[in-house]
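Student: My questions all concern the structure below.
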Protein chains: 2
Amino acid sequence: MKVFKLGYLGPPGTFSEEAALLYQRFHRQSYKLLEQPTVTQVMEKVASGSLDQGIVPLENSLEGSVNATLDQLVCLEEINIYRELVCPIRQCLLAAPGTALEQITRVYSHPHALGQCRRYLEAVLGHVSCFPVESTAAAAAMVAANPGSAAIAPRRAAALFGLMILAEGIQDYDDNVTRFVVVSREEHPPTGCDKTSLVLALSDGPGSLYHVLGFFAARKINLTRIESKPARRSLGDWLFFIDCEGHKDDPQLASLWDELRRNVPFFKLLGSYPKGRTCLTADKQTG
Amino acid sequence: MKVFKLGYLGPPGTFSEEAALLYQRFHRQSYKLLEQPTVTQVMEKVASGSLDQGIVPLENSLEGSVNATLDQLVCLEEINIYRELVCPIRQCLLAAPGTALEQITRVYSHPHALGQCRRYLEAVLGHVSCFPVESTAAAAAMVAANPGSAAIAPRRAAALFGLMILAEGIQDYDDNVTRFVVVSREEHPPTGCDKTSLVLALSDGPGSLYHVLGFFAARKINLTRIESKPARRSLGDWLFFIDCEGHKDDPQLASLWDELRRNVPFFKLLGSYPKGRTCLTADKQTG
């Protein structure tokens, strides 16, 4: 059985690793997880063939630079989106075994994670000082060696660094999710319940967006996401990242691509893949 | 002369502080800069009146959680966007005075900053190891005490930590910008060259977006940004953050707000403010 090399943004003990583990379990394939230092390196190694697939954050991640993911999807011709995973961000309070909540005087985490749990920290640990560090995994590693301290990190980090879970789901909002995508050189075949991601440029700004969206509306194609970004100058003034329902090879979509190519200065299909549902975290999966 | 209290996301030596200094200089007003630990705290303190204004990242920031900014703009009734600043991200390589490029064996920075300068690091400093830390300011502080190391940080951090600038503008792409907004309880009066930011919810997903954009198109109102986000459940399924040209009190826009209110389940004006141009960095401003 072939072992697939799956790259992810390290270090282990972050939400990116949690998503990679979830993907590995869900697909029951022989995936070997390979930690990479940056999102760009994950994607370039998939493009060059030294990784089979890579998992990278696309929206609202604590750790990854989502802009790097979008940049590379636009630039790299060889790769496309193969799957998506929507993972809830469930923050845990972790400490060395035997630590009581009352003993904690210092809390470490990624600055965004500290921000996400602010109400919990104020209500339950009002007396503690917070220290930002570069990742949730780094926070967990520090806490393992420091009695009296706690880390905010994913559940996974507890197992990895021998920590105890003092509290789980301590983020201020329950509906905070990160959307990850799996990138591959291979295309995913149609499944009957797919989404397609694409990017296009408009030279005269979002004023002409209404016109372009009319091409989708005329075919009753539902959009599921839209985001404008100022473009690298060579591509036009504005880039629009659009997700719509359907597979790029579906008959009603095929004619859309031709129409877009004729009407915009830049257009690229980023991939068609099965619609992802919100996932349980890796440790809650059965099997 | 009244001293205005301007909150920003600390620590000093980050791009957020650079933007706050730029704003302070540009307006030649008596602003006192007050460092805050999170974006949420900047905005809540403006809402409660303990700060006069706050400057927070809205798009593509290295440091701030942009989602926190959007969340608070939706939730806090008391505040609105008062100004915008578009600041290019210019990364510098900083080291202790007297350090030569050849002596550097370690480079510290925020993980996203290391990612933004990867090509430079590979080409010029191929032999060094990179260490992610929680902010560009933290990197600069570490380097001051560690000969043989360098930090990737904004120019401002050199002055703050007594470092030398070995190289400037080392980011892989030149057109990387962060958009900051100034939030205030006060509204900005019309200037004749304004933008308005708004958020609205659509219950049946981006499929109905085309219909809503028609209200703008019918009035020939140009959009300058659009972004969809999954909404907190209480507000509907999808939130759309939209910027358009014009001031909310302009006659042709006033009727748009009524039409939107009648047609969508949630709608909020986030503020009208003068159109921002791309700014020079604080240290390059004259006067």
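We name chains A, B, ... following the order of the structure tokens; residues begin at 1 in each chain, and ligands are numbered from 1 as shown.
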Would you kindly return, as a list in words, each protein, DNA or RNA residue with an atom no farther than 6 Å from any atom of region 219-222 of chain A, considering only C-alpha atoms and excluding same-chain residues fewer than 2 positions away?

Tutor: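 Near region 219-222 of chain A, the qualifying residues are Phe216, Ala217, Cys244 and Glu245 of chain A; Gly207 of chain B.
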
Student: Mind writing the picked residues with N, CA and C atoms as a PDB file, in the first residue's frame?

Tutor:
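Done, and the output landed in again15.pdb:
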```pdb
ATOM      1  N   PHE A 216     -23.305  34.089 -13.017  1.00  0.00           N
ATOM      2  CA  PHE A 216     -23.652  32.990 -12.098  1.00  0.00           C
ATOM      3  C   PHE A 216     -25.168  32.943 -11.896  1.00  0.00           C
ATOM      4  N   ALA A 217     -25.772  34.115 -11.678  1.00  0.00           N
ATOM      5  CA  ALA A 217     -27.203  34.174 -11.372  1.00  0.00           C
ATOM      6  C   ALA A 217     -28.025  33.632 -12.548  1.00  0.00           C
ATOM      7  N   CYS A 244     -18.442  28.501  -5.413  1.00  0.00           N
ATOM      8  CA  CYS A 244     -19.823  28.280  -5.837  1.00  0.00           C
ATOM      9  C   CYS A 244     -20.147  26.800  -5.750  1.00  0.00           C
ATOM     10  N   GLU A 245     -21.437  26.484  -5.802  1.00  0.00           N
ATOM     11  CA  GLU A 245     -21.859  25.090  -5.726  1.00  0.00           C
ATOM     12  C   GLU A 245     -21.674  24.418  -7.085  1.00  0.00           C
TER      13      GLU A 245
ATOM     14  N   GLY B 207     -26.255  33.153  -2.329  1.00  0.00           N
ATOM     15  CA  GLY B 207     -27.067  33.046  -3.539  1.00  0.00           C
ATOM     16  C   GLY B 207     -27.896  34.301  -3.760  1.00  0.00           C
TER      17      GLY B 207
END
```

Student: Quick check: residues of chain A within 6 Å of chain B, only C-alpha atoms, returned as a compact mmCIF listing (two decimals) with C-alpha atoms, in the first residue's frame.

Tutor:
```txt
# COMPACT_ATOMS: atom_id res chain seq x y z
CA VAL A 133 4.10 33.20 22.64
CA GLU A 134 4.44 32.21 18.97
CA PRO A 206 -15.70 45.97 -7.48
CA GLY A 207 -18.05 48.29 -9.37
CA ASN A 222 -25.29 29.53 -5.83
CA LEU A 223 -22.25 31.31 -4.41
CA THR A 224 -21.03 30.09 -1.03
CA ARG A 225 -18.23 32.59 -0.43
CA ILE A 226 -16.89 35.81 -1.92
CA GLU A 227 -13.93 37.93 -0.92
CA SER A 228 -12.24 40.83 -2.67
```

Student: Contacts of Tyr82 (chain A) at 9 Å or less, counting only C-alpha atoms, minus same-chain residues fewer than 3 places along, as a ChimeraX atom specification?

Tutor: /A:53,79,181-188,271-274

Student: Take the residues from that selection and write them out as a PDB file, in the first residue's frame, keeping C-alpha atoms.

Tutor:
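Saved the output as part00.pdb:
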```pdb
ATOM      1  CA  GLN A  53      -0.883  16.454  -0.552  1.00  0.00           C
ATOM      2  CA  ILE A  79      -1.901  22.323  -7.650  1.00  0.00           C
ATOM      3  CA  VAL A 181      -8.121  22.847   2.409  1.00  0.00           C
ATOM      4  CA  VAL A 182      -6.173  19.857   1.155  1.00  0.00           C
ATOM      5  CA  VAL A 183      -4.137  20.748  -1.932  1.00  0.00           C
ATOM      6  CA  SER A 184      -2.973  18.176  -4.469  1.00  0.00           C
ATOM      7  CA  ARG A 185      -1.702  17.873  -8.024  1.00  0.00           C
ATOM      8  CA  GLU A 186      -4.626  15.504  -8.676  1.00  0.00           C
ATOM      9  CA  GLU A 187      -8.177  16.716  -9.340  1.00  0.00           C
ATOM     10  CA  HIS A 188     -11.106  15.341  -7.335  1.00  0.00           C
ATOM     11  CA  GLY A 271     -10.324  23.291  -7.762  1.00  0.00           C
ATOM     12  CA  SER A 272     -13.559  21.310  -7.365  1.00  0.00           C
ATOM     13  CA  TYR A 273     -14.032  19.165  -4.267  1.00  0.00           C
ATOM     14  CA  PRO A 274     -16.745  17.550  -2.110  1.00  0.00           C
TER      15      PRO A 274
END
```

Student: Could you jot down the CA of Ala159 (chain A) to CA of Pro12 (chain A) separation for me, Å, one decimal place?

Tutor: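 The value is 10.9 Å.
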
Student: Report as a list in words: the residues of region 154-199 of chain A with a DSSP assignment of alpha helix (DSSP H), based on the backbone of this structure.

Tutor: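 Of region 154-199 of chain A, the ones in alpha helix (DSSP H) are Arg155, Arg156, Ala157, Ala158, Ala159, Leu160 and Phe161 of chain A.
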
Student: Hey, what's within 12 Å of region 257-261 of chain B if we count only C-alpha atoms and toss same-chain stuff fewer than 4 positions away? As a list in words, please?

Tutor: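 With the cut-off at 12 Å, the set is Thr196, Ser197, Leu198, Val199, Leu200, Ala201, Leu202, Leu209, His211, Val212, Leu213, Gly214, Phe215, Phe216, Ala218, Arg219, His247, Lys248, Asp249, Asp250, Pro251, Gln252, Leu253, Pro265, Phe266, Phe267, Lys268 and Leu269 of chain B.
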
Student: Since we have the selection now, will you write its residues out, keeping C-alpha atoms, as a short mmCIF file (atom, residue, chain, number, x, y, z; two decimals), in the first residue's frame?

Tutor:
```
data_model
loop_
_atom_site.label_atom_id
_atom_site.label_comp_id
_atom_site.auth_asym_id
_atom_site.auth_seq_id
_atom_site.Cartn_x
_atom_site.Cartn_y
_atom_site.Cartn_z
CA THR B 196 -18.85 53.93 3.83
CA SER B 197 -18.48 50.52 5.48
CA LEU B 198 -21.50 48.39 6.28
CA VAL B 199 -22.39 44.85 7.23
CA LEU B 200 -25.51 42.94 6.33
CA ALA B 201 -26.75 39.39 6.80
CA LEU B 202 -28.40 37.17 4.21
CA LEU B 209 -26.12 38.45 -2.98
CA HIS B 211 -30.20 40.67 -5.71
CA VAL B 212 -28.81 42.88 -2.93
CA LEU B 213 -25.93 44.20 -5.05
CA GLY B 214 -28.57 45.30 -7.53
CA PHE B 215 -29.66 47.99 -5.01
CA PHE B 216 -26.14 49.46 -5.22
CA ALA B 218 -29.23 50.78 -9.59
CA ARG B 219 -27.82 53.87 -7.82
CA HIS B 247 -20.79 59.24 2.73
CA LYS B 248 -23.78 57.66 4.46
CA ASP B 249 -25.50 61.07 4.58
CA ASP B 250 -25.13 61.67 0.82
CA PRO B 251 -28.63 61.94 -0.73
CA GLN B 252 -28.22 59.00 -3.17
CA LEU B 253 -27.04 56.71 -0.37
CA PRO B 265 -32.55 40.28 8.19
CA PHE B 266 -29.67 42.32 9.67
CA PHE B 267 -28.02 45.53 8.57
CA LYS B 268 -25.61 47.92 10.30
CA LEU B 269 -23.70 50.97 9.11
#
```

Student: Can you list every residue of region 137-189 of chain A that has an atom at most 12 Å from region 97-104 of chain A, with its nearest atom pair and the distance in Å to one decimal, using only C-alpha atoms, ordered by chain then number, as JSON lines?

Tutor:
```
{"residue": "A:Val143", "atom": "CA", "partner": "A:Pro97", "partner_atom": "CA", "distance": 10.6}
{"residue": "A:Ala144", "atom": "CA", "partner": "A:Pro97", "partner_atom": "CA", "distance": 8.9}
{"residue": "A:Ala145", "atom": "CA", "partner": "A:Pro97", "partner_atom": "CA", "distance": 11.2}
{"residue": "A:Asn146", "atom": "CA", "partner": "A:Ile104", "partner_atom": "CA", "distance": 10.3}
{"residue": "A:Pro147", "atom": "CA", "partner": "A:Thr99", "partner_atom": "CA", "distance": 7.4}
{"residue": "A:Gly148", "atom": "CA", "partner": "A:Ile104", "partner_atom": "CA", "distance": 4.5}
{"residue": "A:Ser149", "atom": "CA", "partner": "A:Ile104", "partner_atom": "CA", "distance": 5.2}
{"residue": "A:Ala150", "atom": "CA", "partner": "A:Ile104", "partner_atom": "CA", "distance": 6.5}
{"residue": "A:Ala151", "atom": "CA", "partner": "A:Ile104", "partner_atom": "CA", "distance": 10.1}
{"residue": "A:Ala158", "atom": "CA", "partner": "A:Pro97", "partner_atom": "CA", "distance": 10.0}
{"residue": "A:Ala159", "atom": "CA", "partner": "A:Pro97", "partner_atom": "CA", "distance": 11.5}
{"residue": "A:Phe161", "atom": "CA", "partner": "A:Pro97", "partner_atom": "CA", "distance": 10.7}
{"residue": "A:Gly162", "atom": "CA", "partner": "A:Pro97", "partner_atom": "CA", "distance": 7.8}
{"residue": "A:Leu163", "atom": "CA", "partner": "A:Pro97", "partner_atom": "CA", "distance": 5.9}
{"residue": "A:Met164", "atom": "CA", "partner": "A:Pro97", "partner_atom": "CA", "distance": 5.2}
{"residue": "A:Ile165", "atom": "CA", "partner": "A:Pro97", "partner_atom": "CA", "distance": 8.6}
{"residue": "A:Leu166", "atom": "CA", "partner": "A:Leu101", "partner_atom": "CA", "distance": 7.3}
{"residue": "A:Ala167", "atom": "CA", "partner": "A:Leu101", "partner_atom": "CA", "distance": 9.4}
```

Student: Just to confirm, what's the straight-line distance from CA of Leu256 (chain B) to CA of Asp71 (chain B) in Å (one decimal)?

Tutor: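 Value for the CA of Leu256 (chain B)-CA of Asp71 (chain B) distance: 23.6 Å.
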
Student: When you count only C-alpha atoms, which of these residues is closest to Glu77 (chain A): A:Met1, A:Val124, A:Met43, A:Cys193?

Tutor: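 The answer is A:Met43, which sits nearest to Glu77 (chain A).
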
Student: CA of Ala123 (chain B) and CA of Leu160 (chain B), how far apart in Å?

Tutor: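 Distance between the two atoms: 28.0 Å.
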
Student: Residues of region 17-76 of chain A classed as strand (DSSP E) by DSSP on the backbone are to be reported as JSON, numbers by chain.

Tutor: {"A": [31, 32, 33, 34, 35, 36, 53, 54, 55, 56, 57, 58, 59]}

Student: Those selected residues, please, written with N, CA and C atoms and delivered as a tab-separated table (two decimals), in the first residue's frame.

Tutor:
```
chain	number	residue	atom	x	y	z
A	31	TYR	N	-1.49	7.69	5.42
A	31	TYR	CA	-0.90	9.01	5.28
A	31	TYR	C	0.25	9.17	6.27
A	32	LYS	N	1.36	9.67	5.79
A	32	LYS	CA	2.44	10.04	6.69
A	32	LYS	C	2.42	11.56	6.82
A	33	LEU	N	2.30	12.07	8.06
A	33	LEU	CA	2.23	13.51	8.29
A	33	LEU	C	3.63	14.10	8.33
A	34	LEU	N	3.87	15.12	7.53
A	34	LEU	CA	5.19	15.75	7.49
A	34	LEU	C	5.06	17.23	7.83
A	35	GLU	N	5.66	17.61	8.93
A	35	GLU	CA	5.63	18.99	9.42
A	35	GLU	C	6.43	19.91	8.50
A	36	GLN	N	5.88	21.09	8.19
A	36	GLN	CA	6.58	22.07	7.36
A	36	GLN	C	6.63	23.41	8.09
A	53	GLN	N	0.18	15.51	-0.86
A	53	GLN	CA	-0.88	16.45	-0.55
A	53	GLN	C	-0.41	17.35	0.59
A	54	GLY	N	-1.09	18.48	0.74
A	54	GLY	CA	-0.77	19.38	1.85
A	54	GLY	C	-2.05	19.91	2.42
A	55	ILE	N	-2.09	20.15	3.72
A	55	ILE	CA	-3.28	20.71	4.35
A	55	ILE	C	-2.93	22.08	4.89
A	56	VAL	N	-3.68	23.10	4.49
A	56	VAL	CA	-3.35	24.49	4.82
A	56	VAL	C	-4.62	25.24	5.21
A	57	PRO	N	-4.49	26.24	6.10
A	57	PRO	CA	-5.66	27.01	6.49
A	57	PRO	C	-6.08	27.97	5.38
A	58	LEU	N	-7.39	28.09	5.16
A	58	LEU	CA	-7.88	29.00	4.11
A	58	LEU	C	-8.65	30.19	4.69
A	59	GLU	N	-9.31	29.99	5.83
A	59	GLU	CA	-10.06	31.09	6.44
A	59	GLU	C	-9.95	31.03	7.95
```

Student: Point out the residue among B:Arg90, B:Lys5, B:Arg25, B:Arg83 with the least atom-to-atom distance to Gln171 (chain B), counting only C-alpha atoms.

Tutor: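 With only C-alpha atoms as the atom set, the closest residue is B:Arg90.
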
Student: As a list in words, please: the residues near Ala137 (chain B) (cut-off 8 Å, only C-alpha atoms, same-chain neighbours under 5 positions excluded).

Tutor: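 Selected residues are Pro11, Pro12, Gly13, Thr14, Ala153 and Ala157 of chain B.
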
Student: Include N, CA and C atoms and write out the residues we just selected as an mmCIF file, in the first residue's frame.

Tutor:
```cif
data_model
loop_
_atom_site.group_PDB
_atom_site.id
_atom_site.type_symbol
_atom_site.label_atom_id
_atom_site.label_comp_id
_atom_site.auth_asym_id
_atom_site.auth_seq_id
_atom_site.Cartn_x
_atom_site.Cartn_y
_atom_site.Cartn_z
ATOM 1 N N PRO B 11 2.722 45.188 21.476
ATOM 2 C CA PRO B 11 3.642 46.115 22.117
ATOM 3 C C PRO B 11 4.199 47.145 21.136
ATOM 4 N N PRO B 12 4.903 48.196 21.658
ATOM 5 C CA PRO B 12 5.595 49.117 20.763
ATOM 6 C C PRO B 12 6.617 48.354 19.901
ATOM 7 N N GLY B 13 6.833 48.840 18.678
ATOM 8 C CA GLY B 13 7.799 48.183 17.790
ATOM 9 C C GLY B 13 7.132 47.257 16.793
ATOM 10 N N THR B 14 5.803 47.295 16.721
ATOM 11 C CA THR B 14 5.074 46.496 15.730
ATOM 12 C C THR B 14 4.497 47.436 14.663
ATOM 13 N N ALA B 153 11.675 42.964 11.495
ATOM 14 C CA ALA B 153 10.758 43.845 12.224
ATOM 15 C C ALA B 153 10.614 45.153 11.464
ATOM 16 N N ALA B 157 11.244 49.552 15.120
ATOM 17 C CA ALA B 157 11.804 48.728 16.191
ATOM 18 C C ALA B 157 13.305 48.972 16.355
#
```

Student: Residues within 9 Å of Arg155 (chain B), please, as a short mmCIF file (atom, residue, chain, number, x, y, z; two decimals) with N, CA and C atoms, in the first residue's frame. Count only C-alpha atoms; anything in the same chain fewer than 5 positions from it doesn't count.

Tutor:
```
data_model
loop_
_atom_site.label_atom_id
_atom_site.label_comp_id
_atom_site.auth_asym_id
_atom_site.auth_seq_id
_atom_site.Cartn_x
_atom_site.Cartn_y
_atom_site.Cartn_z
N GLY B 13 6.83 48.84 18.68
CA GLY B 13 7.80 48.18 17.79
C GLY B 13 7.13 47.26 16.79
N GLU B 18 3.47 51.52 14.53
CA GLU B 18 3.91 52.36 13.42
C GLU B 18 2.71 53.12 12.82
N ARG B 90 6.73 47.04 5.27
CA ARG B 90 8.14 47.04 4.87
C ARG B 90 8.94 46.40 5.99
N GLN B 91 9.44 45.21 5.71
CA GLN B 91 10.21 44.47 6.72
C GLN B 91 11.67 44.87 6.65
N CYS B 92 12.28 44.99 7.83
CA CYS B 92 13.72 45.29 7.91
C CYS B 92 14.44 44.16 8.62
N LEU B 93 15.73 44.02 8.30
CA LEU B 93 16.59 43.09 9.03
C LEU B 93 17.39 43.92 10.03
N LEU B 94 17.20 43.65 11.31
CA LEU B 94 17.80 44.45 12.38
C LEU B 94 18.76 43.60 13.21
N ILE B 165 19.94 48.91 11.17
CA ILE B 165 19.18 48.36 10.03
C ILE B 165 20.16 47.79 9.02
N GLU B 168 16.56 46.82 4.31
CA GLU B 168 15.19 47.34 4.43
C GLU B 168 14.38 46.90 3.21
N THR B 281 5.57 55.04 5.41
CA THR B 281 5.73 54.61 6.80
C THR B 281 6.06 55.82 7.66
N ASP B 283 8.38 56.74 9.61
CA ASP B 283 9.71 57.34 9.62
C ASP B 283 10.03 58.08 8.33
#
```

Student: Pick the closest to Gly169 (chain A) from A:Ile89, A:Asp194, A:Ala139, A:Gln29: which is it, counting only C-alpha atoms?

Tutor: A:Ile89
